[in-house]
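So the structure is just underneath, and the comments pick up after that.
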Amino acid sequence: MLRKSIFLLTAVLTALFPKAQTFVQAYQDRANLVSPTNIHTYLQEFENLGVKRTGTTQNTNTFNWLKNKYTTLGYTASDFFEHSWTANGLSSKNLVVTKTGTLYPNKFVIVCGHFDSINGPGTNDNGSGTSIILEIARILKDIPTEYSIKFIHFSGEEQGLLGSSRYVSQIVNGTNPKMDIKLVINLDQVGGLATKANTKLYHDKDQSNPASNNAAAAIAVQELANCTLLYSPLAVDFDPAESTDYVPFQLNGEVITGYWEYEGGYNNPFVHTANDLLVNMDPVYVFNIGKAVVGAVQHFAVASKVTLAAEDLVSKSSESIDFYPNPASTILNLKIDDSIKQFKVEISDMSGKQLLNLENQSQIDITHLQPGVYLAKVISGEKQLTKKIIVQ
């Protein structure tokens with residue numbers, strides 16, 4: 001019955017949208033890993049951090065809370081970038097965590113949302129988006145994606161998109177060549193209302209100037225909505241792009257889209273007040289949106305389509321597969337499960353150029369590699385795992 005339902009849904013999507021993507025079982029398997037317990041815990045901890053007005057101790061504490069969460073998830077110092085900025089008399093930081101792609105390490109899918117709040121703890125606006133981003137980062141950490149993913153937590157949104165606008169001007173445009181962005185997906189105020197059914201989700205459509213990016217954005221928002229239908233129980237609707245952290249990217253000519261709660265929206269009576277609390281929102285709605293977003297990020301970043309049932313290499317990675325020492329200078333050792341008899345190791349630079357291709361070798365001579373960051377891929381049959389290594 002499930003297969004028939006999936007077939008019918010795919011047929012409907014194809015009829016309505018000729019270029020609609022098809023259902024991928026592996027994407028659904030990972031979307032199903034979104035944890036209601038994790039969502040509820042993140043929301044409660046976020047609320048307990050208090051009012052996170054930019055420039056305050058509470059704002060700094062929330063930044064550190066986020067960084068500690070990523071460290072707990074297994075992300076390391078080489079994955080982090082702390083973007084410090086000052087604007088309008090305020091100083092704060094954006095937290096940027098990068099998961100490197102296997103084929104296009106220098107082209108990015110950005111998944112972002114703000115963590116600052118005003119007049120209240122902001123459990124909905126925007127603890128909801130923050131919690132979902134953390135779950136995506138957890139679920140996809142060891143899943144190969146062709147494109148790199150940047151998880152970005154902006155500060156200063158409530159004072160006028162200060163953190164995101166400085167990130168675009170100082171980092172995106174300050175990169176030489178300019179940072180190559182495939183898509184920006186923003187999550188802001190997706191907590192719903194406790195008194196509503198919360199069965200529908202807005203998908204943000206770029207209809208603003210410059211118009212040069214509108215056609216690509218129209219395709220992206222439709223694909224975003226298709227993923228919601230494929231990987232979550234939510235219905236879809238569309239709204240114009242709102243005044244949130246994707247706006248500086250949009251004005252810079254990037255392709256943007258995002259999510260916005262259907263119930264509430266600008267009429268949510270609790271947002272920007274002391275009553276923006278967990279008790280007034282719907283954590284099940286956040287959970288369902290999380291499933292939609294995990295499906296969408298996999299689609300846009302082109303995640304591995306190997307299903308969980310065949311993902312032994314990936315599932316064992318944290319325990320059975322690793323490179324050490326890391327950083328290394330002469331010999332890089334591969335720790336791999338004894339049950340894996342045939343494997344290859346490929347080492348590439350960050351541009352994707354392959355430098356080493358070895359078979360069944362667990363000791364790798366890296367003395368000819370220049371100091372820097374590299375990608376090490378372990379391949380066994382159809383399964384593969386990519387890890388970041390540092391040569392010093």
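Note on naming: chains are A, B, ... as they come in the structure tokens, residues start from 1 per chain, ligands start from 1 in the order shown.
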Within 10 Å of A:Glu45 using only C-alpha atoms, minus same-chain residues under 6 positions, as a PDB file with N, CA and C atoms, in the first residue's frame:
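Saved as around37.pdb:
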ATOM      1  N   THR A  62      24.094  31.791  23.712  1.00  0.00           N
ATOM      2  CA  THR A  62      23.400  30.969  22.716  1.00  0.00           C
ATOM      3  C   THR A  62      24.340  30.565  21.596  1.00  0.00           C
ATOM      4  N   TRP A  65      26.303  27.798  22.975  1.00  0.00           N
ATOM      5  CA  TRP A  65      25.446  26.608  23.054  1.00  0.00           C
ATOM      6  C   TRP A  65      25.394  25.907  21.695  1.00  0.00           C
ATOM      7  N   THR A 123      11.330  31.218  21.212  1.00  0.00           N
ATOM      8  CA  THR A 123      11.332  29.769  21.018  1.00  0.00           C
ATOM      9  C   THR A 123      10.797  29.396  19.637  1.00  0.00           C
ATOM     10  N   GLY A 127      13.885  29.733  17.558  1.00  0.00           N
ATOM     11  CA  GLY A 127      14.338  28.446  18.062  1.00  0.00           C
ATOM     12  C   GLY A 127      13.856  27.300  17.211  1.00  0.00           C
ATOM     13  N   SER A 131      16.468  24.615  15.733  1.00  0.00           N
ATOM     14  CA  SER A 131      16.383  23.200  16.109  1.00  0.00           C
ATOM     15  C   SER A 131      16.416  22.295  14.885  1.00  0.00           C
TER      16      SER A 131
END
Which residues of stretch 231-288 of chain A come within 10 Å of stretch 189-193 of chain A, and what is each one's closest atom pair and distance in Å (one decimal), counting only C-alpha atoms, sorted by chain and residue number, as a tab-separated table?
residue	atom	partner	partner_atom	distance
A:Tyr259	CA	A:Val190	CA	7.0
A:Trp260	CA	A:Val190	CA	5.4
A:Glu261	CA	A:Val190	CA	4.5
A:Tyr262	CA	A:Gly192	CA	7.2
A:Glu263	CA	A:Gly192	CA	5.7
A:Gly264	CA	A:Gly192	CA	6.4
A:Gly265	CA	A:Gln189	CA	7.6
A:Tyr266	CA	A:Gln189	CA	9.7
A:Asn268	CA	A:Leu193	CA	7.8
A:Pro269	CA	A:Leu193	CA	9.4
A:Phe270	CA	A:Leu193	CA	9.1
A:Val271	CA	A:Gln189	CA	8.5
A:Asp276	CA	A:Gly191	CA	10.0
A:Leu277	CA	A:Gly191	CA	9.9
A:Leu278	CA	A:Gly191	CA	8.7
A:Val279	CA	A:Leu193	CA	9.2
A:Asn280	CA	A:Leu193	CA	6.0
A:Met281	CA	A:Leu193	CA	4.4
A:Asp282	CA	A:Gly192	CA	5.5
A:Pro283	CA	A:Gly191	CA	6.6
A:Val284	CA	A:Gly191	CA	8.7
A:Tyr285	CA	A:Gly191	CA	6.5
A:Val286	CA	A:Gly191	CA	5.5
A:Phe287	CA	A:Gly191	CA	9.3
Since we have the selection now, will you write its residues out, keeping C-alpha atoms, as a tab-separated table (two decimals), in the first residue's frame?
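The result, stored in out-v4.tsv:
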chain	number	residue	atom	x	y	z
A	259	TYR	CA	9.96	28.11	4.92
A	260	TRP	CA	7.41	30.04	6.97
A	261	GLU	CA	4.68	28.75	9.26
A	262	TYR	CA	1.25	28.67	7.65
A	263	GLU	CA	-0.73	29.28	10.82
A	264	GLY	CA	0.28	32.47	12.53
A	265	GLY	CA	2.81	34.12	10.24
A	266	TYR	CA	2.72	37.87	10.70
A	268	ASN	CA	1.14	35.17	15.34
A	269	PRO	CA	0.26	36.94	18.64
A	270	PHE	CA	3.27	35.55	20.54
A	271	VAL	CA	6.18	36.40	18.25
A	276	ASP	CA	7.10	33.35	22.43
A	277	LEU	CA	7.36	30.10	24.38
A	278	LEU	CA	7.25	26.37	23.72
A	279	VAL	CA	3.84	26.10	25.38
A	280	ASN	CA	2.33	28.36	22.69
A	281	MET	CA	3.74	26.48	19.67
A	282	ASP	CA	3.48	22.99	18.17
A	283	PRO	CA	6.68	20.87	18.41
A	284	VAL	CA	5.06	18.14	16.28
A	285	TYR	CA	4.77	20.70	13.48
A	286	VAL	CA	8.48	21.49	13.87
A	287	PHE	CA	9.20	17.75	13.69
At a cut-off of 8 Å, using only C-alpha atoms, what residues contact A:Leu356? Leave out same-chain residues fewer than 4 positions from it and give the result as JSON, numbers by chain. {"A": [345, 346, 347, 348]}
Suppose we keep C-alpha atoms; can you now write the selection as a short mmCIF file (atom, residue, chain, number, x, y, z; two decimals), in the first residue's frame?
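After the write, result-v3.cif holds the following:
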data_model
loop_
_atom_site.label_atom_id
_atom_site.label_comp_id
_atom_site.auth_asym_id
_atom_site.auth_seq_id
_atom_site.Cartn_x
_atom_site.Cartn_y
_atom_site.Cartn_z
CA VAL A 345 40.87 4.82 -0.52
CA GLU A 346 40.79 7.98 -2.61
CA ILE A 347 42.34 11.23 -1.40
CA SER A 348 41.46 14.47 -3.17
#
Could you tell me, as a VMD selection string, which residues of stretch 52-284 of chain A DSSP assigns to strand (DSSP E or B) when given the backbone? chain A and resid 80 to 87 90 to 99 104 to 114 145 147 to 154 180 to 187 200 to 205 235 to 240 256 to 261
Go ahead and write the residues just picked, C-alpha atoms, as a JSON list (two decimals), in the first residue's frame.
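To be explicit, this is the file written out as again.json:
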[["chain", "number", "residue", "atom", "x", "y", "z"],
["A", 80, "PHE", "CA", 33.76, 25.84, 12.12],
["A", 81, "PHE", "CA", 33.99, 29.47, 11.11],
["A", 82, "GLU", "CA", 33.11, 32.20, 13.59],
["A", 83, "HIS", "CA", 32.20, 35.31, 11.64],
["A", 84, "SER", "CA", 32.55, 38.33, 13.92],
["A", 85, "TRP", "CA", 30.86, 41.54, 12.80],
["A", 86, "THR", "CA", 29.96, 45.01, 14.05],
["A", 87, "ALA", "CA", 27.07, 47.13, 12.76],
["A", 90, "LEU", "CA", 26.22, 46.16, 17.91],
["A", 91, "SER", "CA", 28.81, 43.37, 17.85],
["A", 92, "SER", "CA", 28.08, 39.67, 17.53],
["A", 93, "LYS", "CA", 29.04, 36.49, 15.69],
["A", 94, "ASN", "CA", 27.51, 34.25, 13.04],
["A", 95, "LEU", "CA", 28.29, 30.55, 13.39],
["A", 96, "VAL", "CA", 29.12, 28.79, 10.12],
["A", 97, "VAL", "CA", 29.59, 24.99, 10.02],
["A", 98, "THR", "CA", 30.62, 23.42, 6.71],
["A", 99, "LYS", "CA", 30.03, 19.84, 5.58],
["A", 104, "TYR", "CA", 31.73, 20.01, -5.79],
["A", 105, "PRO", "CA", 33.42, 21.01, -2.53],
["A", 106, "ASN", "CA", 33.49, 24.69, -3.50],
["A", 107, "LYS", "CA", 29.81, 25.04, -4.43],
["A", 108, "PHE", "CA", 27.45, 25.44, -1.50],
["A", 109, "VAL", "CA", 23.90, 24.76, -0.42],
["A", 110, "ILE", "CA", 23.36, 27.16, 2.47],
["A", 111, "VAL", "CA", 20.85, 26.20, 5.18],
["A", 112, "CYS", "CA", 20.39, 29.13, 7.53],
["A", 113, "GLY", "CA", 18.31, 30.82, 10.20],
["A", 114, "HIS", "CA", 18.82, 33.36, 12.98],
["A", 145, "THR", "CA", 26.69, 14.80, -0.59],
["A", 147, "TYR", "CA", 27.69, 19.64, -2.99],
["A", 148, "SER", "CA", 29.00, 21.18, 0.20],
["A", 149, "ILE", "CA", 26.49, 22.32, 2.82],
["A", 150, "LYS", "CA", 26.94, 25.35, 5.04],
["A", 151, "PHE", "CA", 24.82, 25.41, 8.19],
["A", 152, "ILE", "CA", 24.70, 29.08, 9.20],
["A", 153, "HIS", "CA", 23.23, 30.57, 12.37],
["A", 154, "PHE", "CA", 22.91, 34.34, 12.02],
["A", 180, "ASP", "CA", 29.79, 29.93, -5.44],
["A", 181, "ILE", "CA", 26.30, 29.38, -3.95],
["A", 182, "LYS", "CA", 23.90, 26.87, -5.47],
["A", 183, "LEU", "CA", 20.95, 27.76, -3.23],
["A", 184, "VAL", "CA", 20.09, 29.46, 0.07],
["A", 185, "ILE", "CA", 17.35, 27.81, 2.17],
["A", 186, "ASN", "CA", 16.23, 29.84, 5.18],
["A", 187, "LEU", "CA", 14.21, 28.63, 8.18],
["A", 200, "LYS", "CA", 0.29, 23.16, 5.89],
["A", 201, "LEU", "CA", 3.58, 24.94, 5.26],
["A", 202, "TYR", "CA", 4.45, 28.10, 3.32],
["A", 203, "HIS", "CA", 7.33, 27.92, 0.81],
["A", 204, "ASP", "CA", 8.91, 31.31, 0.11],
["A", 205, "LYS", "CA", 8.96, 32.52, -3.50],
["A", 235, "ALA", "CA", 0.44, 20.17, 2.57],
["A", 236, "VAL", "CA", 2.06, 23.05, 0.69],
["A", 237, "ASP", "CA", 1.32, 26.67, -0.12],
["A", 238, "PHE", "CA", 3.42, 29.57, -1.36],
["A", 239, "ASP", "CA", 4.05, 33.09, -0.11],
["A", 240, "PRO", "CA", 6.32, 35.93, -1.25],
["A", 256, "ILE", "CA", 16.93, 31.81, -2.45],
["A", 257, "THR", "CA", 13.92, 30.14, -0.90],
["A", 258, "GLY", "CA", 12.75, 29.14, 2.57],
["A", 259, "TYR", "CA", 9.96, 28.11, 4.92],
["A", 260, "TRP", "CA", 7.41, 30.04, 6.97],
["A", 261, "GLU", "CA", 4.68, 28.75, 9.26]]
Using DSSP on the backbone, list every residue of stretch 73-265 of chain A that comes out as alpha helix (DSSP H), and give them as JSON, numbers by chain. {"A": [127, 128, 129, 130, 131, 132, 133, 134, 135, 136, 137, 138, 139, 140, 162, 163, 164, 165, 166, 167, 214, 215, 216, 217, 218, 219, 220, 221, 222, 223, 224, 225, 226, 227, 228, 229, 230, 231, 247, 248, 249, 250, 251]}
As a check of understanding: the span from atom CA of A:Pro210 to atom CA of A:Asn252 is 8.4 Å
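You can rank A:Gln370, A:Thr228, A:Gln384, A:Thr56 by their closest distance to A:Val294 using only C-alpha atoms, and at the top of that list sits A:Thr228.
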Selection: 10 Å around A:Glu223, only C-alpha atoms, excl. self and same-chain fewer than 2 positions, as a ChimeraX atom specification: /A:17,19-21,217-221,225-229,296,299-300
Take the residues from that selection and write them out as an mmCIF file, in the first residue's frame, keeping C-alpha atoms.
data_model
loop_
_atom_site.group_PDB
_atom_site.id
_atom_site.type_symbol
_atom_site.label_atom_id
_atom_site.label_comp_id
_atom_site.auth_asym_id
_atom_site.auth_seq_id
_atom_site.Cartn_x
_atom_site.Cartn_y
_atom_site.Cartn_z
ATOM 1 C CA PHE A 17 5.097 19.804 -12.438
ATOM 2 C CA LYS A 19 10.256 18.482 -13.966
ATOM 3 C CA ALA A 20 9.265 17.224 -10.511
ATOM 4 C CA GLN A 21 11.820 15.047 -8.788
ATOM 5 C CA ALA A 217 14.284 30.708 -7.653
ATOM 6 C CA ALA A 218 10.861 29.735 -9.035
ATOM 7 C CA ILE A 219 12.234 26.326 -9.991
ATOM 8 C CA ALA A 220 13.914 25.932 -6.606
ATOM 9 C CA VAL A 221 10.806 26.790 -4.574
ATOM 10 C CA ALA A 225 7.518 22.134 -2.175
ATOM 11 C CA ASN A 226 7.776 18.812 -4.012
ATOM 12 C CA CYS A 227 10.132 17.563 -1.294
ATOM 13 C CA THR A 228 7.633 18.572 1.378
ATOM 14 C CA LEU A 229 4.977 16.462 -0.355
ATOM 15 C CA ALA A 296 14.950 18.905 0.500
ATOM 16 C CA HIS A 299 17.794 16.722 -2.946
ATOM 17 C CA PHE A 300 19.613 20.005 -3.505
#
Have a look at atom CA of A:Gln392 and atom CA of A:Pro371 and let me know their distance in Å, one decimal. 4.6 Å
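Across A:Phe46, A:Tyr231, A:Tyr70, A:Phe323, the tightest approach to A:Arg30 is made by A:Tyr231 when counting only C-alpha atoms.
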In Å to one decimal, how far is atom CA of A:Pro248 from atom CA of A:Ser78? 26.3 Å
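In terms of minimum interatomic distance to A:Glu146, A:Ala303 ranks closest within A:Ile321, A:Val24, A:Ile118, A:Ala303, counting only C-alpha atoms.
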Skipping near chain neighbours, those fewer than 3 positions away, what residues fall within 10 Å of A:Gly372 using only C-alpha atoms, listed as a list in words? Pro327, Asp349, Met350, Leu369, Ile389, Ile390, Val391 and Gln392 of chain A
Set the distance at 9 Å and use only C-alpha atoms: which residues neighbour A:Glu157 once local chain neighbours fewer than 5 positions away are removed? I'd like the list as JSON, numbers by chain. {"A": [54, 113, 114, 115, 116, 117, 162, 163, 164, 244, 245]}
